[in-house]
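Listing of data-v5.txt; format and content: compact mmCIF, C-alpha atoms and all ligand atoms.
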# COMPACT_ATOMS: atom_id res chain seq x y z
CA MET A 1 56.84 101.28 77.11
CA LYS A 2 58.80 98.26 78.41
CA HIS A 3 60.29 96.11 75.63
CA SER A 4 59.91 92.33 75.69
CA PRO A 5 63.14 90.55 76.66
CA ILE A 6 65.49 88.77 74.27
CA LEU A 7 65.70 85.08 75.16
CA ILE A 8 69.17 83.52 75.36
CA ILE A 9 69.32 79.72 75.42
CA GLY A 10 72.70 78.57 76.74
CA LYS A 11 73.21 81.05 79.59
CA ASN A 12 76.69 79.95 80.67
CA GLY A 13 77.72 78.72 77.23
CA LYS A 14 80.74 79.92 75.32
CA THR A 15 78.58 82.16 73.12
CA GLY A 16 75.38 82.63 75.16
CA SER A 17 77.25 84.32 78.02
CA ARG A 18 78.99 86.69 75.59
CA VAL A 19 75.79 87.54 73.71
CA ASN A 20 74.10 88.30 77.02
CA THR A 21 76.86 90.62 78.25
CA ARG A 22 76.81 92.57 74.99
CA LEU A 23 73.01 92.94 74.92
CA GLN A 24 72.89 94.09 78.54
CA THR A 25 75.66 96.64 77.89
CA LEU A 26 73.56 97.97 75.01
CA GLY A 27 70.58 98.30 77.38
CA TYR A 28 68.48 95.36 76.18
CA ASP A 29 66.48 93.28 78.65
CA THR A 30 67.41 89.57 78.43
CA ARG A 31 66.04 86.29 79.72
CA GLN A 32 68.97 83.84 79.93
CA VAL A 33 68.22 80.20 80.51
CA SER A 34 69.77 76.73 80.80
CA ARG A 35 69.14 73.66 82.98
CA SER A 36 70.48 75.42 86.08
CA THR A 37 68.37 78.62 85.87
CA THR A 38 64.98 79.35 87.43
CA PRO A 39 62.86 78.83 85.44
CA SER A 40 64.99 76.15 83.81
CA PHE A 41 65.27 75.23 80.14
CA ASP A 42 66.38 71.72 79.18
CA TRP A 43 66.60 70.50 75.58
CA GLU A 44 65.81 67.01 76.94
CA LYS A 45 62.56 68.25 78.58
CA PRO A 46 60.17 69.92 76.09
CA GLN A 47 57.75 70.66 78.94
CA THR A 48 60.23 73.34 80.14
CA TRP A 49 60.20 75.28 76.84
CA ARG A 50 56.84 77.10 76.42
CA SER A 51 56.79 79.21 79.58
CA VAL A 52 60.40 80.29 78.95
CA ILE A 53 59.74 81.40 75.35
CA ASP A 54 56.41 83.07 76.14
CA GLY A 55 56.70 86.86 76.44
CA CYS A 56 60.03 87.15 74.61
CA ALA A 57 60.44 89.18 71.42
CA SER A 58 63.32 87.24 69.89
CA ALA A 59 65.77 84.50 70.80
CA TYR A 60 69.43 83.50 70.51
CA VAL A 61 69.36 79.71 70.32
CA THR A 62 72.27 77.35 71.05
CA TYR A 63 71.48 73.65 71.07
CA GLN A 64 73.38 71.31 73.41
CA PRO A 65 75.31 69.16 72.96
CA ASP A 66 75.47 69.86 69.18
CA LEU A 67 73.12 70.24 66.20
CA ALA A 68 74.87 67.20 64.63
CA VAL A 69 73.15 64.75 67.03
CA PRO A 70 70.14 62.95 65.48
CA HIS A 71 67.58 64.22 68.03
CA ALA A 72 68.45 67.89 67.34
CA GLU A 73 66.14 68.17 64.31
CA PRO A 74 62.91 67.00 66.00
CA ALA A 75 63.77 69.14 69.03
CA ILE A 76 64.22 72.34 66.97
CA ARG A 77 61.09 71.51 64.94
CA GLU A 78 59.07 71.38 68.17
CA PHE A 79 60.80 74.47 69.59
CA VAL A 80 59.93 76.47 66.46
CA ARG A 81 56.31 75.23 66.54
CA ILE A 82 55.90 76.46 70.13
CA ALA A 83 57.72 79.72 69.32
CA ARG A 84 55.20 80.44 66.55
CA GLU A 85 52.28 79.65 68.84
CA VAL A 86 53.43 82.07 71.55
CA GLY A 87 54.32 84.81 69.03
CA LEU A 88 58.14 84.88 69.06
CA LYS A 89 59.13 87.14 66.17
CA HIS A 90 62.80 86.36 65.41
CA ILE A 91 65.28 83.52 66.01
CA VAL A 92 69.07 83.67 65.67
CA LEU A 93 70.41 80.11 65.55
CA LEU A 94 74.01 79.10 66.20
CA SER A 95 74.89 76.36 63.70
CA GLY A 96 77.95 74.34 62.66
CA ARG A 97 79.70 73.89 59.29
CA GLY A 98 79.68 70.67 57.30
CA GLU A 99 77.26 68.83 59.57
CA ALA A 100 74.33 67.17 57.78
CA GLY A 101 72.23 67.33 60.97
CA ALA A 102 72.92 71.04 61.43
CA GLN A 103 71.96 71.79 57.85
CA ARG A 104 68.63 69.93 58.29
CA VAL A 105 67.93 72.06 61.36
CA GLU A 106 68.76 75.25 59.44
CA GLU A 107 66.12 74.28 56.85
CA VAL A 108 63.54 73.75 59.63
CA LEU A 109 64.15 77.31 60.85
CA LYS A 110 64.22 78.88 57.36
CA SER A 111 60.84 77.36 56.48
CA SER A 112 59.24 78.10 59.88
CA GLY A 113 57.59 81.40 58.94
CA ILE A 114 59.47 83.13 61.80
CA SER A 115 62.05 85.71 60.79
CA TRP A 116 65.52 84.15 61.18
CA ASN A 117 69.29 84.41 61.11
CA ILE A 118 71.77 81.56 61.07
CA VAL A 119 75.29 82.04 62.39
CA ARG A 120 77.10 79.02 60.91
CA ALA A 121 80.40 78.82 62.72
CA SER A 122 83.72 77.04 62.29
CA TRP A 123 85.43 75.42 65.32
CA PHE A 124 85.69 77.86 68.19
CA CYS A 125 89.11 79.09 69.35
CA GLN A 126 87.63 78.86 72.85
CA ASN A 127 87.63 75.03 72.60
CA PHE A 128 91.31 75.47 73.59
CA SER A 129 90.52 77.57 76.66
CA GLU A 130 86.92 77.01 77.79
CA SER A 131 86.15 73.46 76.73
CA PHE A 132 87.40 69.89 76.42
CA MET A 133 90.95 70.78 75.28
CA LEU A 134 91.79 73.01 78.27
CA GLU A 135 92.73 70.18 80.64
CA ASP A 136 95.25 68.70 78.17
CA ILE A 137 96.82 72.11 77.55
CA LEU A 138 97.25 72.73 81.27
CA ALA A 139 98.85 69.25 81.51
CA GLY A 140 101.32 70.11 78.72
CA GLU A 141 100.12 67.81 75.92
CA LEU A 142 97.05 67.99 73.69
CA VAL A 143 96.11 64.58 72.28
CA LEU A 144 93.50 64.38 69.50
CA PRO A 145 92.56 62.05 66.62
CA ALA A 146 93.34 64.74 64.01
CA GLU A 147 96.38 64.86 61.71
CA GLY A 148 96.92 67.70 59.24
CA THR A 149 93.40 69.03 58.67
CA LEU A 150 93.24 72.81 58.36
CA GLU A 151 90.51 74.64 60.30
CA PRO A 152 89.87 78.43 60.36
CA PHE A 153 89.12 78.62 64.11
CA ILE A 154 86.74 81.46 65.04
CA ASP A 155 86.85 83.60 68.16
CA ALA A 156 83.60 83.26 70.19
CA ASP A 157 83.75 87.04 70.75
CA ASP A 158 83.27 87.47 66.97
CA ILE A 159 80.36 85.00 67.00
CA ALA A 160 78.73 87.00 69.81
CA ASP A 161 79.22 90.28 67.92
CA VAL A 162 77.58 88.80 64.81
CA ALA A 163 74.71 87.30 66.85
CA VAL A 164 74.05 90.65 68.54
CA ALA A 165 74.06 92.46 65.17
CA ALA A 166 71.57 89.87 63.87
CA LEU A 167 69.34 90.25 66.94
CA THR A 168 69.30 94.05 66.97
CA ASP A 169 69.61 95.24 63.35
CA PRO A 170 66.49 94.50 61.27
CA SER A 171 68.45 95.07 58.03
CA HIS A 172 70.17 91.69 58.63
CA ARG A 173 66.91 89.69 58.81
CA ASN A 174 66.69 86.31 57.02
CA LYS A 175 70.40 86.02 56.27
CA LEU A 176 72.92 83.28 56.93
CA PHE A 177 76.35 84.38 58.15
CA GLU A 178 79.04 81.73 57.66
CA VAL A 179 81.67 82.86 60.15
CA THR A 180 85.29 81.66 60.38
CA GLY A 181 88.61 83.03 61.50
CA PRO A 182 90.84 84.72 58.89
CA ARG A 183 93.46 81.90 58.83
CA ALA A 184 93.19 78.11 58.61
CA LEU A 185 95.52 76.23 60.97
CA THR A 186 96.17 72.61 61.91
CA PHE A 187 96.01 71.62 65.59
CA ALA A 188 99.81 71.22 65.54
CA GLN A 189 100.20 74.81 64.25
CA CYS A 190 97.76 76.09 66.90
CA MET A 191 99.76 74.40 69.63
CA ARG A 192 103.01 75.86 68.25
CA GLU A 193 101.50 79.36 68.35
CA ILE A 194 100.15 78.81 71.87
CA SER A 195 103.48 77.36 73.10
CA GLU A 196 105.52 80.22 71.63
CA ALA A 197 103.24 82.88 73.14
CA LEU A 198 103.14 81.08 76.51
CA GLY A 199 106.90 80.59 76.57
CA ARG A 200 106.52 76.94 77.59
CA PRO A 201 106.11 73.81 75.45
CA VAL A 202 102.66 72.30 75.00
CA LYS A 203 103.03 69.18 72.84
CA TYR A 204 100.57 68.07 70.19
CA SER A 205 100.13 64.30 69.64
CA THR A 206 97.72 62.35 67.49
CA VAL A 207 95.92 59.15 68.45
CA PRO A 208 93.80 56.72 66.37
CA ILE A 209 90.10 57.52 66.66
CA ASP A 210 89.21 54.13 68.21
CA VAL A 211 91.83 54.55 70.94
CA TYR A 212 90.56 58.10 71.59
CA ILE A 213 86.95 56.91 71.94
CA ASP A 214 88.00 53.95 74.15
CA THR A 215 89.72 56.43 76.49
CA LEU A 216 86.58 58.60 76.62
CA ARG A 217 84.51 55.50 77.44
CA GLU A 218 86.92 54.53 80.25
CA GLN A 219 86.63 58.10 81.62
CA GLY A 220 82.82 57.72 81.76
CA VAL A 221 82.08 60.28 79.01
CA PRO A 222 78.38 59.86 78.03
CA GLU A 223 77.63 57.83 74.87
CA THR A 224 76.10 60.82 73.04
CA MET A 225 79.37 62.73 73.51
CA GLN A 226 81.39 59.70 72.34
CA TRP A 227 79.18 59.55 69.21
CA LEU A 228 79.51 63.27 68.67
CA LEU A 229 83.31 63.36 68.97
CA ARG A 230 83.64 60.38 66.59
CA GLU A 231 81.36 62.20 64.11
CA LEU A 232 83.29 65.47 64.48
CA PHE A 233 86.75 63.94 64.02
CA THR A 234 85.94 61.37 61.31
CA VAL A 235 83.28 63.16 59.23
CA VAL A 236 83.16 66.89 59.94
CA PHE A 237 86.94 67.20 60.33
CA ASP A 238 87.80 65.58 56.98
CA GLY A 239 88.90 68.87 55.39
CA ARG A 240 85.46 69.95 54.10
CA ASN A 241 85.53 73.02 56.37
CA SER A 242 89.07 74.27 55.72
CA GLN A 243 87.99 77.22 53.59
CA VAL A 244 87.98 80.69 55.17
CA MET A 245 84.57 82.43 54.94
CA PHE A 246 83.58 86.06 55.44
CA GLY A 247 80.42 86.19 57.59
CA VAL A 248 82.11 88.42 60.17
CA GLU A 249 82.89 91.06 57.53
CA GLU A 250 79.39 90.76 56.04
CA ALA A 251 77.68 91.34 59.39
CA LEU A 252 80.09 93.75 61.06
CA GLY A 253 82.13 95.43 58.31
CA ARG A 254 85.41 94.43 59.99
CA PRO A 255 87.68 91.39 59.66
CA ALA A 256 87.48 88.37 61.95
CA THR A 257 89.91 88.13 64.88
CA ASP A 258 93.17 86.31 64.15
CA PHE A 259 94.16 83.24 66.22
CA LYS A 260 97.22 85.18 67.47
CA ALA A 261 95.01 87.86 69.05
CA TYR A 262 92.85 85.15 70.66
CA VAL A 263 95.98 83.49 72.12
CA GLN A 264 97.22 86.80 73.54
CA LYS A 265 93.82 87.55 75.12
CA SER A 266 93.68 84.07 76.66
CA ILE A 267 97.18 84.37 78.13
CA GLU A 268 96.22 87.71 79.67
CA SER A 269 93.11 86.10 81.22
CA GLY A 270 95.29 83.50 83.01
CA VAL A 271 93.24 80.57 81.69
CA TRP A 272 96.37 78.58 80.68
CA ASP A 273 98.18 79.35 83.95
CA ALA A 274 97.83 76.08 85.92
CA GLU A 275 98.85 77.74 89.21
CA MET A 276 96.27 80.53 88.79
CA GLN A 277 93.59 77.97 87.86
CA ARG A 278 94.38 75.90 91.00
CA LYS A 279 94.11 78.97 93.24
CA SER A 280 90.76 80.08 91.76
CA ALA A 281 89.26 76.51 91.88
N1 LIG B 301 82.40 74.36 69.92
C1 LIG B 301 82.54 74.53 68.64
O1 LIG B 301 83.64 74.54 68.08
C2 LIG B 301 81.31 74.74 67.79
C3 LIG B 301 81.46 75.08 66.44
C4 LIG B 301 80.31 75.33 65.67
C5 LIG B 301 79.07 75.25 66.25
N2 LIG B 301 78.95 74.90 67.56
C6 LIG B 301 77.61 74.81 68.14
O2 LIG B 301 77.57 75.50 69.35
C7 LIG B 301 76.48 74.99 70.12
C8 LIG B 301 76.88 75.10 71.56
O3 LIG B 301 76.95 76.48 71.85
P1 LIG B 301 77.98 77.06 72.87
O4 LIG B 301 79.34 76.48 72.58
O5 LIG B 301 77.79 78.54 72.92
O6 LIG B 301 77.41 76.45 74.20
P2 LIG B 301 78.15 75.58 75.27
O7 LIG B 301 79.35 76.30 75.74
O8 LIG B 301 78.28 74.19 74.76
O9 LIG B 301 77.00 75.63 76.37
C9 LIG B 301 77.23 75.03 77.58
C10 LIG B 301 76.00 75.34 78.46
O10 LIG B 301 74.86 74.69 77.93
C11 LIG B 301 74.02 74.31 79.00
N3 LIG B 301 73.40 73.02 78.66
C12 LIG B 301 74.00 71.81 78.57
N4 LIG B 301 73.09 70.86 78.28
C13 LIG B 301 71.90 71.48 78.18
C14 LIG B 301 70.57 71.04 77.90
N5 LIG B 301 70.27 69.74 77.72
N6 LIG B 301 69.58 71.97 77.83
C15 LIG B 301 69.84 73.28 78.05
N7 LIG B 301 71.07 73.76 78.34
C16 LIG B 301 72.08 72.87 78.39
C17 LIG B 301 74.94 74.20 80.25
O11 LIG B 301 74.42 74.97 81.30
P3 LIG B 301 73.55 74.21 82.43
O12 LIG B 301 74.44 73.17 83.02
O13 LIG B 301 73.13 75.29 83.34
O14 LIG B 301 72.40 73.61 81.66
C18 LIG B 301 76.28 74.79 79.82
O15 LIG B 301 76.72 75.85 80.65
C19 LIG B 301 76.21 73.57 69.61
O16 LIG B 301 74.93 73.49 69.06
C20 LIG B 301 77.24 73.38 68.52
O17 LIG B 301 76.68 72.74 67.40
C21 LIG B 301 80.03 74.67 68.34

Could I get this structure in the form of structure tokens?
Ligand SMILES: NC(=O)c1ccc[n+]([C@@H]2O[C@H](COP(=O)([O-])OP(=O)(O)OC[C@H]3O[C@@H](n4cnc5c(N)ncnc54)[C@H](OP(=O)(O)O)[C@@H]3O)[C@@H](O)[C@H]2O)c1
Amino acid sequence: MKHSPILIIGKNGKTGSRVNTRLQTLGYDTRQVSRSTTPSFDWEKPQTWRSVIDGCASAYVTYQPDLAVPHAEPAIREFVRIAREVGLKHIVLLSGRGEAGAQRVEEVLKSSGISWNIVRASWFCQNFSESFMLEDILAGELVLPAEGTLEPFIDADDIADVAVAALTDPSHRNKLFEVTGPRALTFAQCMREISEALGRPVKYSTVPIDVYIDTLREQGVPETMQWLLRELFTVVFDGRNSQVMFGVEEALGRPATDFKAYVQKSIESGVWDAEMQRKSA
């Protein structure tokens, strides 16, 4: 008998792509979607949701741009309503720590009547290599509106491992895994570790939040992203999330990956090699 596919929302995302690779390696059938797939799935277009969910057994759900934005809660409420109607049995939601909006969304899922898991993650290590910090690092100086706040950055490979365990092992059902790295670091410490491993200096500088947001505005960054980054750096990054948590151990029975191992892996991939990046562009 053919099994129904596992839906992955966020096909090319930092975690969606990794979850998909792992599931396919394990022999599961997947349906990976985003705005650029056929059929497409767009969080801004609810009319694209039903046909994509229909026929799937379970789903790994990442919300873009972030569960902290005010329209995330009504969107997930509607998503869950449709999921129930078409008979989706299990949802694994990627969530964020210390975000009031994300916690409201978690409650929507927990009270939906669908079996659930929440993977509540700290800041991803991969923000340094696959996201908005990469360009600064390649240019030799990371500039952020963050002073000495400690953050236990998590490796997206660990998040994907936990998500796959939640999707495939029924003994994990209806549990929240709060996942962080094993060590809390400031941005300055992260940049020191990256610089030392790279063998070339990458400076870390701080900037007042208003100046940072003005620069984003001048660069044409959309208003929702400006709002989100202000929220992340002024509210979520106030030290509330500095504590190390043990969701990786709980789900997988092994410790979370250290930042050092992430840095080594990233160097080996060539992602911080400006020359290599230029050639492959
Ligand atoms: N980054 C962190 O440090 C962090 C920490 C904790 C939690 N989170 C959570 O992680 C989630 C993001 O997950 P992720 O980092 O795995 O994904 P991601 O890397 O942000 O996903 C990027 C992909 O999402 C797709 N996308 C963008 N807008 C979309 C839309 N309107 N509808 C559907 N797809 C869209 C894009 O593909 P297309 O262009 O093809 O659509 C893009 O390739 C957020 O909800 C955030 O709260 C992030």

(request) Choose the residue, out of A:Tyr60, A:Trp49, A:Tyr28, A:Trp123, that has the smallest atom-to-atom separation from ligand LIG 301 (chain B); count all atoms listed in the file. (result)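 Smallest separation from ligand LIG 301 (chain B) among the options: A:Trp123.
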
Edge lengths and centre in Å, axis-aligned, ligand LIG 301 (chain B) plus 3 Å each side, as lines of an AutoDock Vina configuration file:
center_x = 76.6
center_y = 74.1
center_z = 74.5
size_x = 20.1
size_y = 14.8
size_z = 23.7

(request) Tell me which protein, DNA and RNA residues are within 7 Å of range 243-258 of chain A, counting only C-alpha atoms, leaving out same-chain ones fewer than 5 positions away, and put them as an MDAnalysis selection string. (result) chainID A and resid 152 155 158 162 165 177:184

(message) Report, in Å with one decimal, the straight-line distance from CA of Val19 in chain A to CA of His90 in chain A.
(response)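 Separation of CA of Val19 in chain A and CA of His90 in chain A: 15.5 Å.
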
(message) as a VMD selection string, please: every protein or nucleic acid residue near ligand LIG 301 (chain B) (cut-off 8 Å, counting all atoms listed in the file).
(response) chain A and resid 9 to 17 33 to 37 41 to 45 62 to 68 94 to 97 102 120 to 127 130 to 131 153 156

C-alpha atoms of the current selection, written as a PDB file, keeping the file's coordinate frame:
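For reference, again22.pdb as written:
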ATOM      1  CA  ILE A   9      69.320  79.720  75.420  1.00  0.00           C
ATOM      2  CA  GLY A  10      72.700  78.570  76.740  1.00  0.00           C
ATOM      3  CA  LYS A  11      73.210  81.050  79.590  1.00  0.00           C
ATOM      4  CA  ASN A  12      76.690  79.950  80.670  1.00  0.00           C
ATOM      5  CA  GLY A  13      77.720  78.720  77.230  1.00  0.00           C
ATOM      6  CA  LYS A  14      80.740  79.920  75.320  1.00  0.00           C
ATOM      7  CA  THR A  15      78.580  82.160  73.120  1.00  0.00           C
ATOM      8  CA  GLY A  16      75.380  82.630  75.160  1.00  0.00           C
ATOM      9  CA  SER A  17      77.250  84.320  78.020  1.00  0.00           C
ATOM     10  CA  VAL A  33      68.220  80.200  80.510  1.00  0.00           C
ATOM     11  CA  SER A  34      69.770  76.730  80.800  1.00  0.00           C
ATOM     12  CA  ARG A  35      69.140  73.660  82.980  1.00  0.00           C
ATOM     13  CA  SER A  36      70.480  75.420  86.080  1.00  0.00           C
ATOM     14  CA  THR A  37      68.370  78.620  85.870  1.00  0.00           C
ATOM     15  CA  PHE A  41      65.270  75.230  80.140  1.00  0.00           C
ATOM     16  CA  ASP A  42      66.380  71.720  79.180  1.00  0.00           C
ATOM     17  CA  TRP A  43      66.600  70.500  75.580  1.00  0.00           C
ATOM     18  CA  GLU A  44      65.810  67.010  76.940  1.00  0.00           C
ATOM     19  CA  LYS A  45      62.560  68.250  78.580  1.00  0.00           C
ATOM     20  CA  THR A  62      72.270  77.350  71.050  1.00  0.00           C
ATOM     21  CA  TYR A  63      71.480  73.650  71.070  1.00  0.00           C
ATOM     22  CA  GLN A  64      73.380  71.310  73.410  1.00  0.00           C
ATOM     23  CA  PRO A  65      75.310  69.160  72.960  1.00  0.00           C
ATOM     24  CA  ASP A  66      75.470  69.860  69.180  1.00  0.00           C
ATOM     25  CA  LEU A  67      73.120  70.240  66.200  1.00  0.00           C
ATOM     26  CA  ALA A  68      74.870  67.200  64.630  1.00  0.00           C
ATOM     27  CA  LEU A  94      74.010  79.100  66.200  1.00  0.00           C
ATOM     28  CA  SER A  95      74.890  76.360  63.700  1.00  0.00           C
ATOM     29  CA  GLY A  96      77.950  74.340  62.660  1.00  0.00           C
ATOM     30  CA  ARG A  97      79.700  73.890  59.290  1.00  0.00           C
ATOM     31  CA  ALA A 102      72.920  71.040  61.430  1.00  0.00           C
ATOM     32  CA  ARG A 120      77.100  79.020  60.910  1.00  0.00           C
ATOM     33  CA  ALA A 121      80.400  78.820  62.720  1.00  0.00           C
ATOM     34  CA  SER A 122      83.720  77.040  62.290  1.00  0.00           C
ATOM     35  CA  TRP A 123      85.430  75.420  65.320  1.00  0.00           C
ATOM     36  CA  PHE A 124      85.690  77.860  68.190  1.00  0.00           C
ATOM     37  CA  CYS A 125      89.110  79.090  69.350  1.00  0.00           C
ATOM     38  CA  GLN A 126      87.630  78.860  72.850  1.00  0.00           C
ATOM     39  CA  ASN A 127      87.630  75.030  72.600  1.00  0.00           C
ATOM     40  CA  GLU A 130      86.920  77.010  77.790  1.00  0.00           C
ATOM     41  CA  SER A 131      86.150  73.460  76.730  1.00  0.00           C
ATOM     42  CA  PHE A 153      89.120  78.620  64.110  1.00  0.00           C
ATOM     43  CA  ALA A 156      83.600  83.260  70.190  1.00  0.00           C
TER      44      ALA A 156
END

(message) What's the separation between CA of Pro70 in chain A and CA of Glu99 in chain A, in Å to one decimal place?
(response)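 About the pair CA of Pro70 in chain A and CA of Glu99 in chain A: they are 11.0 Å apart.
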
(message) I need the residue nearest Ala72 in chain A from this list: A:Val164, A:Ala100, A:Leu7, A:Val236. Use only C-alpha atoms for the distance.
(response)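 Under the stated criterion, the closest residue is A:Ala100.
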
(message) Just checking: using all atoms listed in the file, which residue out of A:Asn117, A:Gln32, A:Ser111, A:Ser4 ends up closest to Asp54 in chain A?
(response)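 Smallest distance to Asp54 in chain A is found for A:Ser4.
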
(request) Work out how far apart CA of Leu229 in chain A and CA of Ser266 in chain A are and give it in Å to one decimal. (result)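 Separation between CA of Leu229 in chain A and CA of Ser266 in chain A: 24.4 Å.
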
(request) Using all atoms listed in the file, find the one residue out of A:Val52, A:Ala261, A:Val271, A:Val143 that sits nearest to Glu193 in chain A. (result) A:Ala261

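Closest to Trp116 in chain A among A:Lys175, A:Arg278, A:Arg77, A:Arg230 is A:Lys175, based on only C-alpha atoms.
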
(message) Using all atoms listed in the file and a cutoff of 12 Å, can you tell me which residues are near (100.9, 70.1, 77.8) in the file's coordinates, and write them out as a ChimeraX atom specification?
(response) /A:128,133-143,191-192,194-195,198,200-205,272-274

Ala146 in chain A environment, 12 Å, all atoms listed in the file, sequence neighbours closer than 3 positions dropped, as a PDB file with C-alpha atoms, in the coordinates of the input:
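The resulting file, selection_28.pdb, is shown below:
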ATOM      1  CA  LEU A 142      97.050  67.990  73.690  1.00  0.00           C
ATOM      2  CA  VAL A 143      96.110  64.580  72.280  1.00  0.00           C
ATOM      3  CA  THR A 149      93.400  69.030  58.670  1.00  0.00           C
ATOM      4  CA  LEU A 150      93.240  72.810  58.360  1.00  0.00           C
ATOM      5  CA  GLU A 151      90.510  74.640  60.300  1.00  0.00           C
ATOM      6  CA  THR A 186      96.170  72.610  61.910  1.00  0.00           C
ATOM      7  CA  PHE A 187      96.010  71.620  65.590  1.00  0.00           C
ATOM      8  CA  ALA A 188      99.810  71.220  65.540  1.00  0.00           C
ATOM      9  CA  TYR A 204     100.570  68.070  70.190  1.00  0.00           C
ATOM     10  CA  SER A 205     100.130  64.300  69.640  1.00  0.00           C
ATOM     11  CA  THR A 206      97.720  62.350  67.490  1.00  0.00           C
ATOM     12  CA  VAL A 207      95.920  59.150  68.450  1.00  0.00           C
ATOM     13  CA  PRO A 208      93.800  56.720  66.370  1.00  0.00           C
ATOM     14  CA  ILE A 209      90.100  57.520  66.660  1.00  0.00           C
ATOM     15  CA  TYR A 212      90.560  58.100  71.590  1.00  0.00           C
ATOM     16  CA  LEU A 229      83.310  63.360  68.970  1.00  0.00           C
ATOM     17  CA  ARG A 230      83.640  60.380  66.590  1.00  0.00           C
ATOM     18  CA  LEU A 232      83.290  65.470  64.480  1.00  0.00           C
ATOM     19  CA  PHE A 233      86.750  63.940  64.020  1.00  0.00           C
ATOM     20  CA  THR A 234      85.940  61.370  61.310  1.00  0.00           C
ATOM     21  CA  VAL A 235      83.280  63.160  59.230  1.00  0.00           C
ATOM     22  CA  VAL A 236      83.160  66.890  59.940  1.00  0.00           C
ATOM     23  CA  PHE A 237      86.940  67.200  60.330  1.00  0.00           C
ATOM     24  CA  ASP A 238      87.800  65.580  56.980  1.00  0.00           C
ATOM     25  CA  GLY A 239      88.900  68.870  55.390  1.00  0.00           C
TER      26      GLY A 239
END

(request) Pick out the closest residue to Ser40 in chain A from this set: A:Ile8, A:Ala57, A:Val69, A:Val263. Count only C-alpha atoms. (result) A:Ile8

(message) Need the shell around Gly87 in chain A: protein/DNA/RNA residues with any atom at most 12 Å away, counting only C-alpha atoms. Skip same-chain ones fewer than 3 positions apart. Format as a ChimeraX atom specification?
(response) /A:4,50,53-59,80-84,90-91,113-115

Output range 211-224 of chain A as a PDB file, in the frame of the given file, making sure N, CA and C atoms are there.
ATOM      1  N   VAL A 211      91.143  54.459  69.637  1.00  0.00           N
ATOM      2  CA  VAL A 211      91.830  54.550  70.940  1.00  0.00           C
ATOM      3  C   VAL A 211      91.290  55.771  71.708  1.00  0.00           C
ATOM      4  N   TYR A 212      91.087  56.870  70.972  1.00  0.00           N
ATOM      5  CA  TYR A 212      90.560  58.100  71.590  1.00  0.00           C
ATOM      6  C   TYR A 212      89.174  57.834  72.208  1.00  0.00           C
ATOM      7  N   ILE A 213      88.316  57.175  71.439  1.00  0.00           N
ATOM      8  CA  ILE A 213      86.950  56.910  71.940  1.00  0.00           C
ATOM      9  C   ILE A 213      86.990  55.916  73.100  1.00  0.00           C
ATOM     10  N   ASP A 214      87.870  54.897  73.026  1.00  0.00           N
ATOM     11  CA  ASP A 214      88.000  53.950  74.150  1.00  0.00           C
ATOM     12  C   ASP A 214      88.382  54.689  75.432  1.00  0.00           C
ATOM     13  N   THR A 215      89.294  55.654  75.302  1.00  0.00           N
ATOM     14  CA  THR A 215      89.720  56.430  76.490  1.00  0.00           C
ATOM     15  C   THR A 215      88.544  57.224  77.048  1.00  0.00           C
ATOM     16  N   LEU A 216      87.754  57.827  76.149  1.00  0.00           N
ATOM     17  CA  LEU A 216      86.580  58.600  76.620  1.00  0.00           C
ATOM     18  C   LEU A 216      85.623  57.675  77.377  1.00  0.00           C
ATOM     19  N   ARG A 217      85.424  56.461  76.813  1.00  0.00           N
ATOM     20  CA  ARG A 217      84.510  55.500  77.440  1.00  0.00           C
ATOM     21  C   ARG A 217      85.011  55.149  78.841  1.00  0.00           C
ATOM     22  N   GLU A 218      86.335  54.882  78.937  1.00  0.00           N
ATOM     23  CA  GLU A 218      86.920  54.530  80.250  1.00  0.00           C
ATOM     24  C   GLU A 218      86.763  55.681  81.244  1.00  0.00           C
ATOM     25  N   GLN A 219      86.773  56.932  80.726  1.00  0.00           N
ATOM     26  CA  GLN A 219      86.630  58.100  81.620  1.00  0.00           C
ATOM     27  C   GLN A 219      85.170  58.372  81.983  1.00  0.00           C
ATOM     28  N   GLY A 220      84.243  57.561  81.435  1.00  0.00           N
ATOM     29  CA  GLY A 220      82.820  57.720  81.760  1.00  0.00           C
ATOM     30  C   GLY A 220      82.136  58.821  80.976  1.00  0.00           C
ATOM     31  N   VAL A 221      82.719  59.249  79.841  1.00  0.00           N
ATOM     32  CA  VAL A 221      82.080  60.280  79.010  1.00  0.00           C
ATOM     33  C   VAL A 221      80.782  59.674  78.426  1.00  0.00           C
ATOM     34  N   PRO A 222      79.650  60.407  78.503  1.00  0.00           N
ATOM     35  CA  PRO A 222      78.380  59.860  78.030  1.00  0.00           C
ATOM     36  C   PRO A 222      78.435  59.411  76.557  1.00  0.00           C
ATOM     37  N   GLU A 223      77.594  58.414  76.223  1.00  0.00           N
ATOM     38  CA  GLU A 223      77.630  57.830  74.870  1.00  0.00           C
ATOM     39  C   GLU A 223      77.342  58.860  73.779  1.00  0.00           C
ATOM     40  N   THR A 224      76.409  59.798  74.050  1.00  0.00           N
ATOM     41  CA  THR A 224      76.100  60.820  73.040  1.00  0.00           C
ATOM     42  C   THR A 224      77.351  61.632  72.709  1.00  0.00           C
TER      43      THR A 224
END
